[in-house]
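Raw structure26.txt, compact mmCIF, C-alpha atoms:
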```txt
# COMPACT_ATOMS: atom_id res chain seq x y z
CA MET A 1222 -30.06 -29.12 -5.72
CA SER A 1223 -26.96 -27.58 -7.28
CA ASP A 1224 -25.62 -31.10 -7.93
CA PHE A 1225 -28.12 -31.45 -10.75
CA PHE A 1226 -27.34 -28.29 -12.67
CA ARG A 1227 -23.63 -27.84 -11.95
CA CYS A 1228 -22.71 -31.28 -13.32
CA ARG A 1229 -22.98 -32.29 -16.96
CA PHE A 1230 -22.67 -35.85 -18.27
CA PRO A 1231 -22.97 -35.93 -22.08
CA GLY A 1232 -25.36 -38.64 -23.22
CA LEU A 1233 -26.65 -39.23 -19.68
CA ASP A 1234 -29.68 -37.82 -17.89
CA GLN A 1235 -29.66 -36.97 -14.19
CA ARG A 1236 -33.44 -37.28 -14.12
CA ASP A 1237 -33.13 -41.07 -14.40
CA GLU A 1238 -30.65 -43.72 -13.26
CA SER A 1239 -28.35 -43.51 -16.27
CA VAL A 1240 -25.59 -41.58 -14.46
CA ALA A 1241 -25.51 -43.99 -11.52
CA ALA A 1242 -25.60 -47.00 -13.85
CA HIS A 1243 -22.76 -45.60 -15.98
CA PHE A 1244 -20.38 -45.02 -13.09
CA ASP A 1245 -21.26 -48.29 -11.41
CA ALA A 1246 -20.42 -50.16 -14.62
CA LEU A 1247 -16.85 -48.82 -14.36
CA ASN A 1248 -16.46 -51.23 -11.44
CA ASP A 1249 -17.41 -54.31 -13.43
CA GLY A 1250 -14.84 -57.01 -12.79
CA LEU A 1251 -14.16 -56.03 -9.19
CA GLU A 1252 -15.78 -59.17 -7.81
CA ALA A 1253 -13.32 -61.36 -9.74
CA GLN A 1254 -10.36 -59.26 -8.60
CA VAL A 1255 -11.49 -59.40 -5.00
CA ALA A 1256 -12.01 -63.15 -5.20
CA ALA A 1257 -8.45 -63.56 -6.49
CA LEU A 1258 -7.06 -61.42 -3.69
CA ARG A 1259 -9.00 -63.36 -1.09
CA ALA A 1260 -7.71 -66.62 -2.47
CA LYS A 1261 -4.17 -65.28 -2.30
CA HIS A 1262 -4.59 -63.73 1.17
CA PRO A 1263 -7.13 -65.85 3.04
CA GLY A 1264 -8.34 -64.23 6.22
CA ALA A 1265 -7.16 -60.75 5.26
CA PRO A 1266 -9.82 -58.07 5.87
CA LEU A 1267 -11.45 -56.28 2.95
CA VAL A 1268 -12.16 -52.56 3.15
CA THR A 1269 -13.96 -50.82 0.29
CA PHE A 1270 -14.41 -47.11 -0.35
CA SER A 1271 -16.80 -44.76 -2.10
CA HIS A 1272 -17.46 -41.06 -2.01
CA PHE A 1273 -21.22 -41.50 -2.14
CA VAL A 1274 -23.52 -43.22 0.36
CA PRO A 1275 -24.46 -46.85 -0.32
CA ARG A 1276 -27.53 -47.06 1.94
CA LEU A 1277 -30.27 -44.65 3.04
CA GLU A 1278 -29.87 -45.97 6.59
CA LEU A 1279 -26.57 -44.06 6.66
CA VAL A 1280 -28.28 -40.66 6.39
CA PRO A 1281 -30.69 -39.00 8.84
CA GLU A 1282 -34.34 -39.17 7.85
CA LYS A 1283 -35.72 -36.34 5.73
CA ARG A 1284 -37.52 -34.62 8.60
CA PHE A 1285 -34.21 -34.22 10.46
CA LEU A 1286 -32.33 -32.62 7.56
CA PHE A 1287 -31.61 -28.90 7.36
CA LEU A 1288 -31.63 -29.55 3.59
CA PRO A 1289 -34.57 -31.98 3.15
CA SER A 1290 -33.71 -32.68 -0.49
CA LEU A 1291 -30.25 -33.98 0.45
CA ASN A 1292 -31.20 -37.64 0.03
CA LYS A 1293 -31.89 -37.05 -3.66
CA ALA A 1294 -28.15 -36.68 -4.29
CA VAL A 1295 -26.30 -38.86 -1.81
CA GLY A 1296 -26.00 -42.29 -3.45
CA SER A 1297 -27.73 -44.98 -5.44
CA ALA A 1298 -29.14 -48.49 -5.32
CA TYR A 1299 -26.36 -49.47 -7.75
CA LEU A 1300 -23.71 -48.56 -5.19
CA ASP A 1301 -25.57 -50.45 -2.48
CA ALA A 1302 -25.76 -53.59 -4.62
CA ARG A 1303 -22.07 -53.30 -5.55
CA VAL A 1304 -20.95 -53.08 -1.92
CA ARG A 1305 -23.15 -55.98 -0.85
CA ALA A 1306 -21.80 -58.12 -3.69
CA LEU A 1307 -18.21 -57.44 -2.63
CA LYS A 1308 -19.04 -58.33 1.02
CA PRO A 1309 -16.33 -56.18 2.64
CA ASP A 1310 -15.62 -56.22 6.34
CA ALA A 1311 -15.93 -52.43 6.31
CA HIS A 1312 -16.97 -49.78 3.81
CA VAL A 1313 -15.79 -46.17 4.11
CA PHE A 1314 -17.99 -43.51 2.52
CA GLY A 1315 -18.41 -39.73 2.52
CA HIS A 1316 -20.38 -36.91 0.88
CA THR A 1317 -22.95 -36.09 3.57
CA HIS A 1318 -20.70 -34.56 6.26
CA PHE A 1319 -22.14 -36.65 9.08
CA GLY A 1320 -19.85 -38.74 11.26
CA TRP A 1321 -21.10 -42.34 11.15
CA ASP A 1322 -20.23 -45.83 12.38
CA ALA A 1323 -22.89 -48.50 12.01
CA THR A 1324 -23.15 -52.13 10.93
CA HIS A 1325 -25.83 -53.37 8.54
CA ASP A 1326 -26.09 -56.90 7.16
CA GLY A 1327 -22.64 -57.77 8.47
CA ILE A 1328 -20.84 -54.79 6.89
CA ARG A 1329 -19.42 -51.99 9.02
CA TYR A 1330 -20.02 -48.55 7.46
CA LEU A 1331 -17.78 -45.63 8.45
CA GLN A 1332 -17.73 -41.95 7.63
CA ALA A 1333 -15.05 -39.68 9.12
CA CYS A 1334 -15.70 -36.28 7.57
CA LEU A 1335 -13.71 -33.09 7.85
CA ALA A 1336 -16.79 -31.10 6.73
CA TYR A 1337 -16.60 -27.37 6.13
CA PRO A 1338 -15.00 -25.16 8.80
CA SER A 1339 -18.40 -23.54 9.37
CA GLU A 1340 -19.96 -26.97 9.96
CA ARG A 1341 -17.27 -27.88 12.47
CA ARG A 1342 -18.04 -24.64 14.30
CA MET A 1343 -21.81 -24.90 14.16
CA ARG A 1344 -22.50 -28.63 14.53
CA LEU A 1345 -19.33 -30.43 15.56
CA THR A 1346 -21.46 -32.89 17.53
CA THR A 1347 -22.89 -34.43 14.33
CA VAL A 1348 -19.70 -34.05 12.28
CA CYS A 1349 -17.24 -35.82 14.56
CA SER A 1350 -16.37 -39.50 14.65
CA GLY A 1351 -15.12 -40.72 18.00
CA ASP A 1352 -13.25 -38.78 20.66
CA THR A 1353 -10.71 -36.98 18.51
CA PHE A 1354 -11.67 -36.68 14.82
CA PRO A 1355 -11.64 -33.98 13.61
CA HIS A 1356 -11.75 -31.92 16.80
CA ALA A 1357 -8.66 -32.88 18.81
CA ASP A 1358 -6.07 -30.18 19.43
CA GLU A 1359 -3.77 -32.26 17.23
CA PRO A 1360 -6.20 -34.32 15.11
CA THR A 1361 -5.03 -37.52 13.46
CA PRO A 1362 -6.71 -39.63 10.76
CA LEU A 1363 -9.43 -41.95 11.95
CA LEU A 1364 -8.12 -45.51 12.32
CA VAL A 1365 -10.09 -47.97 10.19
CA CYS A 1366 -7.97 -51.11 10.44
CA ASP A 1367 -4.59 -51.94 11.93
CA GLY A 1368 -2.83 -55.21 11.13
CA GLY A 1369 -6.10 -56.92 10.29
CA THR A 1370 -7.80 -55.71 13.48
CA PHE A 1371 -10.64 -53.22 13.48
CA PRO A 1372 -10.96 -50.69 16.33
CA PRO A 1373 -13.98 -50.60 18.65
CA ARG A 1374 -16.97 -48.76 17.32
CA TYR A 1375 -16.70 -44.98 17.27
CA GLN A 1376 -19.34 -42.86 18.96
CA CYS A 1377 -21.01 -40.56 16.42
CA GLY A 1378 -24.03 -38.36 16.99
CA TRP A 1379 -26.43 -39.68 14.37
CA SER A 1380 -25.45 -43.34 14.17
CA THR A 1381 -25.52 -43.59 17.98
CA PHE A 1382 -28.90 -41.83 17.97
CA TYR A 1383 -30.28 -44.60 15.76
CA ASP A 1384 -29.09 -47.23 18.24
CA SER A 1385 -31.81 -45.94 20.56
CA HIS A 1386 -34.46 -44.79 18.10
CA ALA A 1387 -35.76 -46.81 15.16
CA ARG A 1388 -36.13 -45.05 11.84
CA ASN A 1389 -39.68 -43.94 11.15
CA PRO A 1390 -39.80 -42.35 7.67
CA ARG A 1391 -43.62 -42.38 7.68
CA LEU A 1392 -43.57 -39.71 10.39
CA THR A 1393 -43.68 -36.49 8.39
CA HIS A 1394 -45.77 -34.08 10.50
CA MET A 1395 -43.08 -33.44 13.13
CA VAL A 1396 -39.74 -31.72 12.53
CA PRO A 1397 -37.07 -30.28 14.85
CA ASP A 1398 -37.02 -26.54 15.42
CA TYR A 1399 -33.95 -25.98 13.24
CA VAL A 1400 -35.90 -27.40 10.27
CA ALA A 1401 -39.26 -25.76 11.07
CA ARG A 1402 -37.86 -22.25 11.20
CA GLN A 1403 -36.98 -22.44 7.51
CA TYR A 1404 -40.65 -22.51 6.51
CA ALA A 1405 -43.24 -19.75 6.71
CA ASN A 1406 -45.84 -22.08 8.20
CA GLY A 1407 -43.37 -24.15 10.18
CA ARG A 1408 -44.85 -23.08 13.51
CA THR A 1409 -48.53 -23.28 12.57
CA HIS A 1410 -48.71 -26.62 10.75
CA GLY A 1411 -47.77 -29.99 12.21
CA GLU A 1412 -45.59 -30.33 15.30
CA ILE A 1413 -42.15 -29.06 16.25
CA GLY A 1414 -39.85 -31.28 18.25
CA TRP A 1415 -38.23 -34.71 18.32
CA GLY A 1416 -41.06 -36.67 19.89
CA GLY A 1417 -41.75 -37.84 23.41
CA GLY A 1418 -38.72 -39.29 25.18
CA ILE A 1419 -36.40 -38.72 22.20
CA ARG A 1420 -33.16 -36.85 22.81
CA PRO A 1421 -31.71 -34.75 19.96
CA ALA A 1422 -29.02 -36.50 17.92
CA TRP A 1423 -26.23 -34.16 18.99
CA THR A 1424 -26.63 -35.28 22.62
CA TYR A 1425 -25.28 -38.68 21.54
CA ALA A 1426 -21.95 -37.20 20.44
CA PRO A 1427 -18.73 -38.08 22.28
CA PRO A 1428 -18.17 -36.06 25.49
CA THR A 1429 -15.08 -34.41 24.00
CA ALA A 1430 -17.15 -33.02 21.12
CA LEU A 1431 -19.96 -31.90 23.42
CA SER A 1432 -17.46 -30.07 25.60
CA ARG A 1433 -15.75 -28.34 22.68
CA ASP A 1434 -19.09 -27.50 21.09
CA ARG A 1435 -20.26 -25.93 24.34
CA ARG A 1436 -17.10 -23.83 24.61
CA THR A 1437 -17.54 -22.67 21.01
CA LYS A 1438 -21.13 -21.61 21.64
CA ASP A 1439 -20.19 -19.82 24.85
CA SER A 1440 -17.53 -17.92 22.89
CA ARG A 1441 -20.05 -16.94 20.21
CA VAL A 1442 -22.48 -15.66 22.84
CA TRP A 1443 -19.73 -13.61 24.50
CA ARG A 1444 -18.60 -12.14 21.18
CA SER A 1445 -22.20 -11.34 20.25
CA GLU A 1446 -22.81 -9.60 23.57
CA SER A 1447 -19.60 -7.66 22.95
CA GLY A 1448 -21.18 -6.11 19.88
CA GLU A 1449 -19.88 -8.41 17.13
CA HIS A 1450 -22.65 -9.45 14.75
CA LEU A 1451 -22.74 -13.21 14.26
CA ALA A 1452 -24.91 -15.24 11.96
CA SER A 1453 -26.17 -18.25 13.90
CA MET A 1454 -27.94 -21.50 13.21
CA ASP A 1455 -29.31 -22.89 16.45
CA LYS A 1456 -29.57 -26.60 16.87
```
Take the structure I supplied and represent it as structure tokens, if you would.
Amino acid sequence: MSDFFRCRFPGLDQRDESVAAHFDALNDGLEAQVAALRAKHPGAPLVTFSHFVPRLELVPEKRFLFLPSLNKAVGSAYLDARVRALKPDAHVFGHTHFGWDATHDGIRYLQACLAYPSERRMRLTTVCSGDTFPHADEPTPLLVCDGGTFPPRYQCGWSTFYDSHARNPRLTHMVPDYVARQYANGRTHGEIGWGGGIRPAWTYAPPTALSRDRRTKDSRVWRSESGEHLASMDK
């Protein structure tokens, strides 16, 4: 992954945990600060933030990823331990460009990503968080907390998918078509699909995103039939 050769950390080695340990150590003392704030403001909600992902459960399994090596550069066990120690009501994260809203061990985890323009065009259904972000005609920031009250859970393609389908990382012989087509033997080895009775993740997106995504695809088909060459990545 480009993350490993485009970044340089003098004295640290990206082949081990030294980089993650170094940056996590910059947060030493947070627990004491948070305890003081909670003592001063009892009952006030705590929201923590990170760019990287604190738990693997917040990323699709490897077989579902267009870039299967993604999970090698999304977060660390140090970040997970730090968030759990702080015990926030909600933790906001980023990096992976997947809309997400899920609760694990009493902590609500949220990602509201803008993603790249090409990603919003090609896979809005797994980028969006809720009915309007980032695809409304006049998009607004995603509400995390208002006056100590958290909004109802947002519908997001992948996190809602996992409400219905348990993670099964031991299943490695079956991949969706959009992954299989990247490999020379993708159609002759293993199986292609999602599995019996399993709907693709993008079908769990909010209706507003599904509708806009459908209109975008219809437009691309029309433009292609009109003679304009378009690079496509089918879902």
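We find CA of Pro1428 (chain A) and CA of Gln1376 (chain A) to be spaced 9.5 Å apart.
For the pair CA of Tyr1299 (chain A) and CA of Phe1230 (chain A), the separation is 17.6 Å.
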When you look at region 1280-1290 of chain A with a cut-off of 9 Å (counting only C-alpha atoms), what residues show up, excluding the ones that are within fewer than 6 positions of it in the same chain? I need them as a PDB file with C-alpha atoms, in the frame of the given file.
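And here is the file that came out, around36.pdb:
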```pdb
ATOM      1  CA  MET A1222     -30.060 -29.120  -5.720  1.00  0.00           C
ATOM      2  CA  VAL A1274     -23.520 -43.220   0.360  1.00  0.00           C
ATOM      3  CA  THR A1317     -22.950 -36.090   3.570  1.00  0.00           C
ATOM      4  CA  PHE A1319     -22.140 -36.650   9.080  1.00  0.00           C
ATOM      5  CA  TRP A1321     -21.100 -42.340  11.150  1.00  0.00           C
ATOM      6  CA  TRP A1379     -26.430 -39.680  14.370  1.00  0.00           C
ATOM      7  CA  SER A1380     -25.450 -43.340  14.170  1.00  0.00           C
ATOM      8  CA  TYR A1383     -30.280 -44.600  15.760  1.00  0.00           C
ATOM      9  CA  ARG A1388     -36.130 -45.050  11.840  1.00  0.00           C
ATOM     10  CA  ASN A1389     -39.680 -43.940  11.150  1.00  0.00           C
ATOM     11  CA  PRO A1390     -39.800 -42.350   7.670  1.00  0.00           C
ATOM     12  CA  LEU A1392     -43.570 -39.710  10.390  1.00  0.00           C
ATOM     13  CA  THR A1393     -43.680 -36.490   8.390  1.00  0.00           C
ATOM     14  CA  HIS A1394     -45.770 -34.080  10.500  1.00  0.00           C
ATOM     15  CA  MET A1395     -43.080 -33.440  13.130  1.00  0.00           C
ATOM     16  CA  VAL A1396     -39.740 -31.720  12.530  1.00  0.00           C
ATOM     17  CA  PRO A1397     -37.070 -30.280  14.850  1.00  0.00           C
ATOM     18  CA  TYR A1399     -33.950 -25.980  13.240  1.00  0.00           C
ATOM     19  CA  VAL A1400     -35.900 -27.400  10.270  1.00  0.00           C
ATOM     20  CA  GLN A1403     -36.980 -22.440   7.510  1.00  0.00           C
ATOM     21  CA  TRP A1415     -38.230 -34.710  18.320  1.00  0.00           C
TER      22      TRP A1415
END
```
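Protein and nucleic acid residues near (-27.5, -34.2, -8.7) are A:Met1222, A:Ser1223, A:Asp1224, A:Phe1225, A:Phe1226, A:Arg1227, A:Cys1228, A:Gln1235, A:Arg1236, A:Lys1293, A:Ala1294, A:Val1295, the criterion being any atom at most 9 Å away using all atoms listed in the file.
Distances to Ala1256 (chain A) were evaluated for A:Arg1420, A:His1243, A:His1356, A:Lys1308 using only C-alpha atoms, and the minimum falls at A:Lys1308.
Across the model, the gap from CA of Tyr1375 (chain A) to CA of Val1304 (chain A) is 21.3 Å.
Using all atoms listed in the file, the smallest distance between any of A:Asn1292, A:Thr1381, A:Ser1271, A:Thr1424 and Gly1320 (chain A) comes from A:Thr1381.
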Counting only C-alpha atoms, give me one row per residue of region 1235-1328 of chain A with an atom at most 9 Å from an atom of region 1367-1374 of chain A, showing the shortest contact pair and its distance in Å to one decimal, sorted by chain then residue number, as CSV.
```
residue,atom,partner,partner_atom,distance
A:Gly1264,CA,A:Gly1369,CA,8.7
A:Ala1265,CA,A:Gly1369,CA,6.4
A:Pro1266,CA,A:Gly1369,CA,5.9
A:Ala1311,CA,A:Phe1371,CA,8.9
A:Asp1322,CA,A:Arg1374,CA,6.6
A:Ala1323,CA,A:Arg1374,CA,8.0
```
Preceding selection exported with C-alpha atoms as a PDB file, keeping the file's coordinate frame:
```pdb
ATOM      1  CA  GLY A1264      -8.340 -64.230   6.220  1.00  0.00           C
ATOM      2  CA  ALA A1265      -7.160 -60.750   5.260  1.00  0.00           C
ATOM      3  CA  PRO A1266      -9.820 -58.070   5.870  1.00  0.00           C
ATOM      4  CA  ALA A1311     -15.930 -52.430   6.310  1.00  0.00           C
ATOM      5  CA  ASP A1322     -20.230 -45.830  12.380  1.00  0.00           C
ATOM      6  CA  ALA A1323     -22.890 -48.500  12.010  1.00  0.00           C
TER       7      ALA A1323
END
```
What are the closest atom pairs, with distances in Å to one decimal, for each residue of region 1305-1344 of chain A lying within 12 Å of region 1244-1253 of chain A, using all atoms listed in the file, rows by chain and rising residue number, as CSV?
```
residue,atom,partner,partner_atom,distance
A:Arg1305,CA,A:Glu1252,CA,10.6
A:Ala1306,CA,A:Glu1252,CA,7.4
A:Leu1307,CA,A:Glu1252,CA,6.0
A:Lys1308,CA,A:Glu1252,CA,9.4
A:Pro1309,CA,A:Glu1252,CA,10.9
```
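Distances from A:Ile1419, A:Asp1352, A:Cys1366, A:Gly1411 to Ala1387 (chain A) were compared using all atoms listed in the file, and the smallest one belongs to A:Ile1419.
Minimum atom-to-atom distances from A:Ala1260, A:Leu1345, A:Ala1336, A:Leu1331 to Ala1357 (chain A) were compared using only C-alpha atoms, and the lowest value belongs to A:Leu1345.
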